[in-house]
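With compact mmCIF, C-alpha atoms and all ligand atoms inside, this is query-v4.txt:
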```
# COMPACT_ATOMS: atom_id res chain seq x y z
CA MET A 1 114.36 136.18 -17.78
CA LYS A 2 114.76 136.24 -21.53
CA ALA A 3 117.51 134.10 -23.12
CA ALA A 4 118.60 132.65 -26.48
CA VAL A 5 118.69 128.86 -26.05
CA LEU A 6 120.13 126.56 -28.72
CA TYR A 7 118.02 123.39 -28.80
CA ASN A 8 119.31 121.84 -31.96
CA ALA A 9 120.93 122.69 -35.27
CA LYS A 10 119.22 125.88 -36.56
CA ASP A 11 116.84 125.85 -33.60
CA LEU A 12 117.77 128.87 -31.51
CA ARG A 13 114.84 130.14 -29.46
CA VAL A 14 114.53 133.38 -27.56
CA GLU A 15 112.37 132.37 -24.62
CA GLU A 16 111.62 132.89 -20.95
CA VAL A 17 113.87 130.80 -18.69
CA LYS A 18 114.28 130.63 -14.92
CA GLU A 19 116.53 133.36 -13.56
CA PRO A 20 119.72 131.66 -12.29
CA ASN A 21 121.37 132.03 -8.85
CA PRO A 22 125.12 132.06 -8.19
CA LEU A 23 126.87 129.35 -6.12
CA SER A 24 129.42 130.50 -3.52
CA HIS A 25 132.28 130.86 -6.08
CA GLN A 26 130.09 132.57 -8.69
CA VAL A 27 128.56 135.94 -9.47
CA LYS A 28 125.43 136.94 -11.32
CA VAL A 29 126.10 139.37 -14.14
CA LYS A 30 123.50 141.60 -15.77
CA VAL A 31 124.60 141.28 -19.38
CA GLU A 32 125.04 144.57 -21.26
CA TRP A 33 126.37 143.47 -24.66
CA GLY A 34 127.31 140.12 -26.19
CA GLY A 35 129.07 139.47 -29.50
CA ILE A 36 128.15 136.75 -32.00
CA CYS A 37 131.24 134.63 -32.74
CA GLY A 38 132.18 132.27 -35.58
CA SER A 39 131.97 129.41 -33.08
CA ASP A 40 128.37 130.41 -32.30
CA LEU A 41 127.64 130.08 -36.03
CA HIS A 42 129.27 126.62 -36.09
CA ALA A 43 127.16 125.59 -33.09
CA TYR A 44 124.04 127.00 -34.72
CA LEU A 45 124.63 125.07 -37.94
CA GLN A 46 125.70 121.81 -36.32
CA GLY A 47 123.91 121.82 -32.97
CA LEU A 48 125.63 121.29 -29.61
CA ALA A 49 126.58 118.12 -27.77
CA THR A 50 123.69 116.19 -26.25
CA GLU A 51 125.70 115.08 -23.18
CA PRO A 52 126.83 117.35 -20.32
CA HIS A 53 130.40 118.66 -20.73
CA PRO A 54 132.78 117.13 -18.11
CA ILE A 55 133.55 120.57 -16.65
CA GLY A 56 130.40 122.45 -17.67
CA LYS A 57 128.37 119.70 -15.95
CA GLN A 58 125.05 120.97 -17.25
CA GLU A 59 122.37 119.13 -19.19
CA PRO A 60 121.85 120.68 -22.64
CA PRO A 61 120.29 122.76 -24.14
CA PHE A 62 122.46 125.78 -23.34
CA ILE A 63 122.10 129.53 -23.57
CA LEU A 64 124.59 130.60 -26.27
CA GLY A 65 127.03 133.53 -26.02
CA HIS A 66 130.62 133.68 -24.71
CA GLU A 67 131.76 137.22 -25.66
CA PHE A 68 130.05 139.48 -23.16
CA SER A 69 130.32 142.32 -20.70
CA GLY A 70 128.05 143.43 -17.90
CA THR A 71 127.56 144.51 -14.30
CA ILE A 72 127.70 142.28 -11.23
CA VAL A 73 124.28 142.31 -9.53
CA GLU A 74 124.75 139.49 -7.00
CA ILE A 75 127.73 137.63 -5.53
CA GLY A 76 128.13 134.18 -3.96
CA ASP A 77 129.13 133.75 -0.28
CA GLY A 78 132.75 133.03 -1.12
CA ILE A 79 133.43 136.05 -3.33
CA ARG A 80 135.93 138.56 -1.88
CA LYS A 81 137.56 140.22 -4.91
CA TYR A 82 134.39 141.52 -6.58
CA LYS A 83 131.31 143.41 -5.42
CA VAL A 84 127.87 144.29 -6.66
CA GLY A 85 128.13 147.12 -9.20
CA ASP A 86 131.51 146.09 -10.65
CA ARG A 87 131.74 146.38 -14.44
CA VAL A 88 133.25 143.18 -15.85
CA VAL A 89 134.11 141.15 -18.92
CA VAL A 90 134.10 137.39 -18.91
CA GLU A 91 136.93 135.07 -19.94
CA PRO A 92 134.69 132.15 -20.85
CA LEU A 93 137.06 129.15 -20.84
CA LEU A 94 136.20 126.05 -18.84
CA TYR A 95 139.25 123.95 -17.93
CA CYS A 96 140.06 121.19 -15.46
CA GLY A 97 143.09 122.71 -13.70
CA GLU A 98 144.63 119.26 -13.33
CA CYS A 99 145.79 117.93 -16.70
CA TYR A 100 149.32 118.43 -18.05
CA ALA A 101 148.39 121.57 -20.03
CA CYS A 102 146.58 123.15 -17.09
CA LYS A 103 149.47 122.33 -14.74
CA ILE A 104 151.94 124.22 -16.95
CA GLY A 105 149.60 127.22 -17.23
CA TYR A 106 148.35 126.43 -20.76
CA TYR A 107 144.73 126.27 -19.65
CA ASN A 108 143.50 127.03 -23.18
CA GLN A 109 144.96 123.66 -24.25
CA CYS A 110 143.25 121.76 -21.42
CA SER A 111 142.37 118.23 -22.54
CA GLN A 112 138.74 118.98 -21.63
CA VAL A 113 138.62 122.65 -22.61
CA GLY A 114 135.17 124.16 -23.07
CA PHE A 115 133.39 127.50 -23.09
CA ILE A 116 130.47 128.90 -21.22
CA GLY A 117 127.97 129.73 -23.95
CA LEU A 118 128.87 126.53 -25.81
CA ASN A 119 129.25 123.89 -23.08
CA ARG A 120 127.29 125.59 -20.27
CA ASP A 121 124.84 128.50 -20.14
CA GLY A 122 126.35 131.70 -21.53
CA GLY A 123 125.61 135.35 -22.08
CA PHE A 124 122.85 135.80 -24.66
CA ALA A 125 120.47 136.39 -21.76
CA GLU A 126 119.46 139.11 -19.33
CA TYR A 127 121.63 137.51 -16.64
CA ALA A 128 124.54 135.08 -16.69
CA ILE A 129 126.22 133.08 -13.93
CA VAL A 130 129.99 133.37 -14.07
CA ASP A 131 132.76 131.73 -11.98
CA GLU A 132 134.95 134.18 -10.09
CA ASN A 133 138.10 133.05 -11.93
CA MET A 134 136.55 134.08 -15.27
CA LEU A 135 136.07 137.74 -14.32
CA HIS A 136 138.11 140.79 -15.34
CA LEU A 137 137.28 144.34 -14.27
CA LEU A 138 136.58 146.94 -16.94
CA PRO A 139 138.08 150.41 -16.35
CA ASP A 140 135.57 153.27 -16.48
CA ASN A 141 136.90 154.52 -19.80
CA VAL A 142 136.21 151.19 -21.57
CA SER A 143 132.59 150.92 -22.69
CA PHE A 144 130.49 147.77 -22.39
CA GLU A 145 130.50 147.56 -26.22
CA GLU A 146 134.29 147.54 -26.21
CA GLY A 147 134.11 145.06 -23.33
CA ALA A 148 132.20 142.65 -25.55
CA LEU A 149 135.12 142.80 -28.01
CA VAL A 150 137.76 141.83 -25.42
CA GLU A 151 137.30 138.07 -25.97
CA PRO A 152 137.83 138.04 -29.77
CA ALA A 153 140.56 140.68 -29.39
CA ALA A 154 142.27 138.32 -26.92
CA VAL A 155 142.28 135.59 -29.60
CA ALA A 156 144.03 137.97 -32.00
CA LEU A 157 146.42 139.52 -29.49
CA HIS A 158 147.45 136.13 -28.14
CA ALA A 159 148.21 134.93 -31.69
CA VAL A 160 150.24 138.05 -32.48
CA ARG A 161 152.14 137.83 -29.19
CA GLU A 162 152.88 134.15 -29.79
CA SER A 163 154.00 134.82 -33.37
CA LYS A 164 157.49 135.89 -34.43
CA LEU A 165 156.36 139.35 -35.54
CA LYS A 166 158.92 142.09 -34.86
CA PRO A 167 158.48 145.85 -35.34
CA GLY A 168 159.11 146.69 -38.98
CA ASP A 169 158.00 143.30 -40.29
CA SER A 170 155.56 142.70 -43.11
CA VAL A 171 152.48 140.56 -42.53
CA ALA A 172 149.83 138.93 -44.68
CA ILE A 173 146.41 138.26 -43.19
CA PHE A 174 144.11 135.72 -44.84
CA GLY A 175 140.48 136.36 -43.89
CA ALA A 176 139.05 139.72 -42.81
CA GLY A 177 136.30 138.52 -40.49
CA PRO A 178 136.36 139.79 -36.89
CA ILE A 179 139.47 137.75 -35.97
CA GLY A 180 141.36 138.80 -39.12
CA LEU A 181 140.46 142.46 -38.53
CA LEU A 182 141.49 142.26 -34.88
CA ALA A 183 144.74 140.51 -35.89
CA LEU A 184 145.34 143.43 -38.25
CA LEU A 185 144.87 145.92 -35.39
CA CYS A 186 147.14 143.90 -33.09
CA ALA A 187 149.85 143.49 -35.76
CA LYS A 188 149.70 147.24 -36.40
CA ALA A 189 149.98 147.94 -32.66
CA ALA A 190 152.96 145.55 -32.54
CA GLY A 191 154.78 147.56 -35.20
CA ALA A 192 154.09 145.74 -38.48
CA THR A 193 154.72 148.06 -41.42
CA LYS A 194 153.29 146.36 -44.52
CA ILE A 195 149.95 144.78 -43.66
CA ILE A 196 148.38 142.92 -46.59
CA VAL A 197 144.85 141.59 -46.18
CA VAL A 198 143.15 139.04 -48.44
CA ASP A 199 139.41 138.33 -48.39
CA LEU A 200 136.60 137.42 -50.76
CA SER A 201 134.29 140.22 -49.58
CA GLN A 202 134.64 143.81 -50.82
CA GLU A 203 132.92 145.14 -47.69
CA ARG A 204 135.33 143.35 -45.40
CA LEU A 205 138.31 144.49 -47.46
CA ALA A 206 137.08 148.08 -47.24
CA LYS A 207 136.87 147.68 -43.46
CA ALA A 208 140.43 146.28 -43.41
CA LYS A 209 141.62 149.32 -45.36
CA GLU A 210 139.85 151.63 -42.92
CA LEU A 211 141.60 149.86 -40.02
CA GLY A 212 145.06 150.29 -41.50
CA ALA A 213 145.73 147.57 -44.08
CA THR A 214 148.41 148.90 -46.44
CA THR A 215 147.22 146.66 -49.29
CA ILE A 216 143.94 144.78 -49.73
CA ILE A 217 143.68 141.91 -52.20
CA ASP A 218 140.49 140.42 -53.59
CA GLY A 219 140.61 136.70 -52.80
CA HIS A 220 139.13 135.87 -56.22
CA ARG A 221 142.29 137.00 -57.96
CA ASP A 222 144.73 134.36 -59.19
CA ASP A 223 147.88 136.40 -58.55
CA ILE A 224 147.49 136.71 -54.77
CA VAL A 225 150.75 134.99 -53.92
CA GLN A 226 152.80 136.80 -56.61
CA THR A 227 151.41 140.14 -55.45
CA ILE A 228 152.38 139.47 -51.83
CA LEU A 229 155.85 138.20 -52.80
CA GLN A 230 156.39 141.34 -54.86
CA LEU A 231 155.09 143.78 -52.22
CA THR A 232 157.23 142.20 -49.51
CA ASN A 233 160.41 141.67 -51.47
CA GLY A 234 160.25 137.90 -51.43
CA GLY A 235 157.60 137.09 -48.86
CA ALA A 236 155.92 138.27 -45.68
CA ASN A 237 157.64 137.68 -42.35
CA VAL A 238 154.43 136.32 -40.85
CA ALA A 239 151.15 135.16 -42.39
CA TYR A 240 148.10 134.95 -40.13
CA GLU A 241 145.64 132.37 -41.43
CA CYS A 242 142.23 133.53 -40.19
CA ALA A 243 139.93 131.82 -42.70
CA GLY A 244 140.33 128.10 -42.00
CA ALA A 245 140.22 126.92 -45.61
CA GLN A 246 142.46 124.86 -47.89
CA ALA A 247 143.12 127.72 -50.32
CA THR A 248 144.02 130.25 -47.64
CA MET A 249 146.38 127.85 -45.88
CA ALA A 250 148.10 127.04 -49.20
CA ASN A 251 148.41 130.75 -50.00
CA ALA A 252 149.71 131.57 -46.53
CA ILE A 253 152.48 128.97 -46.90
CA ALA A 254 153.33 130.26 -50.37
CA SER A 255 153.35 133.92 -49.25
CA VAL A 256 155.93 133.85 -46.47
CA ARG A 257 159.66 134.30 -46.96
CA GLN A 258 162.46 131.90 -46.03
CA ARG A 259 162.28 131.30 -42.28
CA GLY A 260 158.93 133.08 -42.23
CA GLN A 261 156.04 131.97 -40.08
CA VAL A 262 152.49 130.84 -40.75
CA MET A 263 150.33 131.36 -37.68
CA ALA A 264 146.94 129.65 -37.95
CA ILE A 265 144.23 131.29 -35.83
CA ALA A 266 141.18 129.92 -37.65
CA VAL A 267 138.96 127.04 -36.66
CA TYR A 268 139.38 124.15 -39.13
CA SER A 269 136.24 122.11 -39.55
CA LYS A 270 137.99 119.84 -42.11
CA PRO A 271 141.62 118.69 -42.45
CA VAL A 272 143.70 120.77 -44.88
CA ASN A 273 146.68 119.62 -46.94
CA VAL A 274 150.04 121.21 -46.28
CA ASP A 275 152.78 121.39 -48.91
CA MET A 276 155.62 120.08 -46.74
CA GLY A 277 158.04 120.54 -49.62
CA GLN A 278 157.59 124.32 -49.37
CA VAL A 279 157.68 124.24 -45.59
CA LEU A 280 160.99 122.37 -45.82
CA TYR A 281 162.48 124.36 -48.65
CA LYS A 282 161.76 127.71 -47.00
CA ALA A 283 162.23 126.44 -43.42
CA ILE A 284 158.81 127.83 -42.57
CA ASP A 285 157.62 127.82 -39.01
CA LEU A 286 154.06 126.52 -39.26
CA THR A 287 152.18 126.93 -36.00
CA SER A 288 148.83 127.83 -34.44
CA THR A 289 147.13 129.19 -31.35
CA LEU A 290 143.83 128.22 -29.77
CA ALA A 291 141.83 130.91 -27.96
CA TYR A 292 144.05 132.72 -25.39
CA ARG A 293 145.63 132.45 -22.00
CA HIS A 294 146.77 135.07 -19.49
CA VAL A 295 146.08 137.95 -21.90
CA PHE A 296 142.73 139.55 -20.98
CA PRO A 297 144.33 142.19 -18.69
CA GLU A 298 146.69 143.22 -21.52
CA VAL A 299 143.83 143.49 -24.01
CA ILE A 300 141.82 145.61 -21.58
CA ASP A 301 144.86 147.86 -20.95
CA MET A 302 145.46 148.26 -24.68
CA ILE A 303 141.85 149.32 -25.23
CA SER A 304 141.88 151.60 -22.18
CA THR A 305 145.10 153.36 -23.26
CA GLY A 306 143.97 153.78 -26.86
CA ARG A 307 146.54 151.35 -28.35
CA LEU A 308 143.78 149.13 -29.67
CA ASP A 309 140.62 150.74 -31.03
CA VAL A 310 138.21 147.84 -31.41
CA LYS A 311 135.06 149.92 -31.98
CA PRO A 312 135.21 149.95 -35.81
CA VAL A 313 135.04 146.14 -35.82
CA ILE A 314 131.44 146.44 -34.57
CA THR A 315 129.26 146.74 -37.65
CA LYS A 316 125.79 146.22 -36.19
CA LYS A 317 123.96 146.26 -32.85
CA ILE A 318 120.71 144.35 -32.34
CA ALA A 319 118.22 143.35 -29.65
CA LEU A 320 118.16 139.81 -28.22
CA ASP A 321 114.69 139.22 -29.70
CA ASP A 322 116.15 139.69 -33.19
CA ILE A 323 119.22 137.48 -32.71
CA VAL A 324 118.29 134.99 -35.46
CA GLU A 325 116.87 137.30 -38.14
CA GLU A 326 119.21 140.24 -37.59
CA GLY A 327 122.23 138.38 -36.22
CA PHE A 328 122.80 134.75 -37.24
CA ASN A 329 121.08 134.96 -40.64
CA PRO A 330 123.05 137.95 -41.97
CA LEU A 331 126.32 136.47 -40.67
CA LEU A 332 125.61 133.17 -42.40
CA ASN A 333 124.17 134.52 -45.62
CA ASP A 334 126.24 137.54 -46.52
CA VAL A 335 129.72 138.42 -45.40
CA LYS A 336 129.24 142.19 -45.17
CA GLN A 337 129.14 142.15 -41.39
CA ALA A 338 132.09 141.91 -39.03
CA LYS A 339 131.07 141.86 -35.34
CA ILE A 340 127.38 142.01 -34.45
CA LEU A 341 126.58 142.88 -30.84
CA VAL A 342 123.43 141.75 -29.08
CA ARG A 343 121.75 143.56 -26.18
CA PRO A 344 119.48 141.53 -23.92
ZN ZN B 401 134.45 133.97 -29.64
ZN ZN B 402 143.09 120.72 -17.90
```

Could you take the file, read its structure, and then write that structure out as structure tokens?
Ligand SMILES: [Zn+2]
Ligand SMILES: [Zn+2]
Amino acid sequence: MKAAVLYNAKDLRVEEVKEPNPLSHQVKVKVEWGGICGSDLHAYLQGLATEPHPIGKQEPPFILGHEFSGTIVEIGDGIRKYKVGDRVVVEPLLYCGECYACKIGYYNQCSQVGFIGLNRDGGFAEYAIVDENMLHLLPDNVSFEEGALVEPAAVALHAVRESKLKPGDSVAIFGAGPIGLLALLCAKAAGATKIIVVDLSQERLAKAKELGATTIIDGHRDDIVQTILQLTNGGANVAYECAGAQATMANAIASVRQRGQVMAIAVYSKPVNVDMGQVLYKAIDLTSTLAYRHVFPEVIDMISTGRLDVKPVITKKIALDDIVEEGFNPLLNDVKQAKILVRP
């Protein structure tokens, strides 16, 4: 079968690989659509680990892709809950089930957490092997394209559900990439009134406006914080930091009101400084979420019932053969795109 295998930094090859077979607790999924994620870009730029992951237990290189939907075409001997023909999305976390975090149900904080598509073969392929406990059924009225958006939408919905946002609150969102845009949709669904979005890209800001941002602010401006303080009468209730940079973290802290919250959803590749004086003075709740837990069914229900329309976040659809030229390169070189979907 055809698959996109990451050999090394910037060495992603679409090539023929052996078609995989499921073990007794696994199913084989014919992949319909897969989304390219920020963490795929990180992996592409930096390369993946050279040792097998303790839970993934596979020798690299790996097939990339962890945001995907498809149809079950084969099931292992031990599978009872799913059958051939089921339409599914994949919750791609690998976790041990035994550490403190896993024991208390926080499997996303597992001390050995990993992802299929980053630490084991994933979904940028014609077929993927998926453990039964990673599967969620897709209702008939949710398309495979929308299914491919469930994973990033789960990141955003989990962060909004874990945040202090109440209906009627004002929010500021720093970063209008896929996660920032999905956080905007989730905050809107949760009843936020003023939704202010800051980004460096005009295209992304226009998309944020289309999705319901009440104010968009060009990140090049030097009055970002003053503008937010003014629009919100002294500061936003919650700031979602979806960019992972020093400047956006500093602005998020400066933009919330007394007893407001900064919820960091981004991936931080470098440490950032935090002005503890402001945190103290305003009694800010500074917190973060990693990935998601126990929230895929809710995301799927929200899409199915029309509470969360994720389709506009998709800005481009490409074939697997073109994943580097039409997928990774545009995402790395210009920030016009939000979510790019790949079809094997
Ligand atoms: Zn992702
Ligand atoms: Zn664990």

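With all atoms listed in the file counted, the chains near ligand ZN 402 (chain B) contribute these residues within 9 Å: Leu94, Tyr95, Cys96, Gly97, Glu98, Cys99, Tyr100, Ala101, Cys102, Lys103, Tyr106, Tyr107, Asn108, Gln109, Cys110, Ser111, Gln112 and Val113 of chain A.
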
Could you produce a table of the residues of chain A lying within 7 Å of ligand ZN 401 (chain B), with the nearest pair of atoms per residue and their separation in Å rounded to one decimal, using all atoms listed in the file, ordered by chain and increasing residue number, as a tab-separated table?
```
residue	atom	partner	partner_atom	distance
A:Cys37	CA	B:ZN401	ZN	4.5
A:Gly38	CA	B:ZN401	ZN	6.6
A:Ser39	CA	B:ZN401	ZN	6.2
A:His66	CA	B:ZN401	ZN	6.2
A:Glu67	CA	B:ZN401	ZN	5.8
A:Glu151	CA	B:ZN401	ZN	6.2
A:Pro152	CA	B:ZN401	ZN	5.3
```

Could you work out an axis-aligned box for range 52-59 of chain A, taking every atom the file lists and adding 8 Å on each side, and report centre and edge lengths in Å to one decimal, as lines of an AutoDock Vina configuration file?
```
center_x = 128.0
center_y = 119.8
center_z = -18.3
size_x = 27.2
size_y = 21.3
size_z = 20.8
```

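What separates CA of Val225 in chain A from CA of Asn251 in chain A is a distance of 6.2 Å.
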
- request: Do a neighbour search on Leu181 in chain A at 10 Å with all atoms listed in the file, toss out local chain neighbours closer than 2 positions, and write the hits as a ChimeraX atom specification.
  value: /A:153,156,173-179,183-187,197,204-205,207-209,211-213,242,310,312-313,338-339

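Each of A:Thr50, A:Gln226, A:Asn141, A:Gln58 was checked against Arg87 in chain A using all atoms listed in the file; the smallest atom-to-atom distance is that of A:Asn141.
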
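Taking all atoms listed in the file into account, Phe124 in chain A lies nearest to A:Ala319 out of the set A:Leu165, A:Ile75, A:Ala319, A:Leu229.
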
- request: Could you check how far CA of Gln246 in chain A sits from CA of Pro167 in chain A, in Å to one decimal?
  value: 29.2 Å

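Taking all atoms listed in the file into account, the polymer residues that have an atom no farther than 10 Å from (132.9, 130.8, -36.9) are Ile36, Cys37, Gly38, Ser39, Asp40, Leu41, His42, Ala43, Tyr44, Gly177, Pro178, Ile179, Ala243, Gly244, Ala266, Val267, Tyr268, Ser269, Leu331 and Leu332 of chain A.
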
Writer output for current selection, C-alpha atoms, as a short mmCIF file (atom, residue, chain, number, x, y, z; two decimals), in the frame of the given file:
```
data_model
loop_
_atom_site.label_atom_id
_atom_site.label_comp_id
_atom_site.auth_asym_id
_atom_site.auth_seq_id
_atom_site.Cartn_x
_atom_site.Cartn_y
_atom_site.Cartn_z
CA ILE A 36 128.15 136.75 -32.00
CA CYS A 37 131.24 134.63 -32.74
CA GLY A 38 132.18 132.27 -35.58
CA SER A 39 131.97 129.41 -33.08
CA ASP A 40 128.37 130.41 -32.30
CA LEU A 41 127.64 130.08 -36.03
CA HIS A 42 129.27 126.62 -36.09
CA ALA A 43 127.16 125.59 -33.09
CA TYR A 44 124.04 127.00 -34.72
CA GLY A 177 136.30 138.52 -40.49
CA PRO A 178 136.36 139.79 -36.89
CA ILE A 179 139.47 137.75 -35.97
CA ALA A 243 139.93 131.82 -42.70
CA GLY A 244 140.33 128.10 -42.00
CA ALA A 266 141.18 129.92 -37.65
CA VAL A 267 138.96 127.04 -36.66
CA TYR A 268 139.38 124.15 -39.13
CA SER A 269 136.24 122.11 -39.55
CA LEU A 331 126.32 136.47 -40.67
CA LEU A 332 125.61 133.17 -42.40
#
```

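In terms of minimum interatomic distance to Gln337 in chain A, A:Gln202 ranks closest within A:Thr215, A:Ser304, A:Thr71, A:Gln202, counting only C-alpha atoms.
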
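Rounded to one decimal, CA of Ala291 in chain A and CA of Pro61 in chain A lie 23.3 Å from each other.
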
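Closest to Val29 in chain A among A:Val299, A:Ala125, A:Ile116, A:Ala9 is A:Ala125, based on only C-alpha atoms.
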
statement: If you count only C-alpha atoms, the residue of A:Val31, A:Ile216, A:Leu12, A:Ile303 closest to Arg343 in chain A turns out to be A:Val31

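Distance annotation: of A:Lys316, A:His294, A:Lys166, A:Arg120, the residue with the minimal separation from Glu91 in chain A is A:His294; atom set is all atoms listed in the file.
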
message: Would you pick out the contacts of Val272 in chain A at 10 Å or less, using all atoms listed in the file, so that residues sharing its chain but fewer than 5 positions from it are not included, and give the list as an NGL selection string?
response: :A and (244-250)

Please save C-alpha atoms of the selected residues as a short mmCIF file (atom, residue, chain, number, x, y, z; two decimals), in the frame of the given file.
```cif
data_model
loop_
_atom_site.label_atom_id
_atom_site.label_comp_id
_atom_site.auth_asym_id
_atom_site.auth_seq_id
_atom_site.Cartn_x
_atom_site.Cartn_y
_atom_site.Cartn_z
CA GLY A 244 140.33 128.10 -42.00
CA ALA A 245 140.22 126.92 -45.61
CA GLN A 246 142.46 124.86 -47.89
CA ALA A 247 143.12 127.72 -50.32
CA THR A 248 144.02 130.25 -47.64
CA MET A 249 146.38 127.85 -45.88
CA ALA A 250 148.10 127.04 -49.20
#
```

task: Write out as a list in words the residues lying within 9 Å of Glu19 in chain A, counting only C-alpha atoms and excluding same-chain residues fewer than 3 positions away.
output: Met1, Lys2, Glu16, Glu126, Tyr127 and Ala128 of chain A
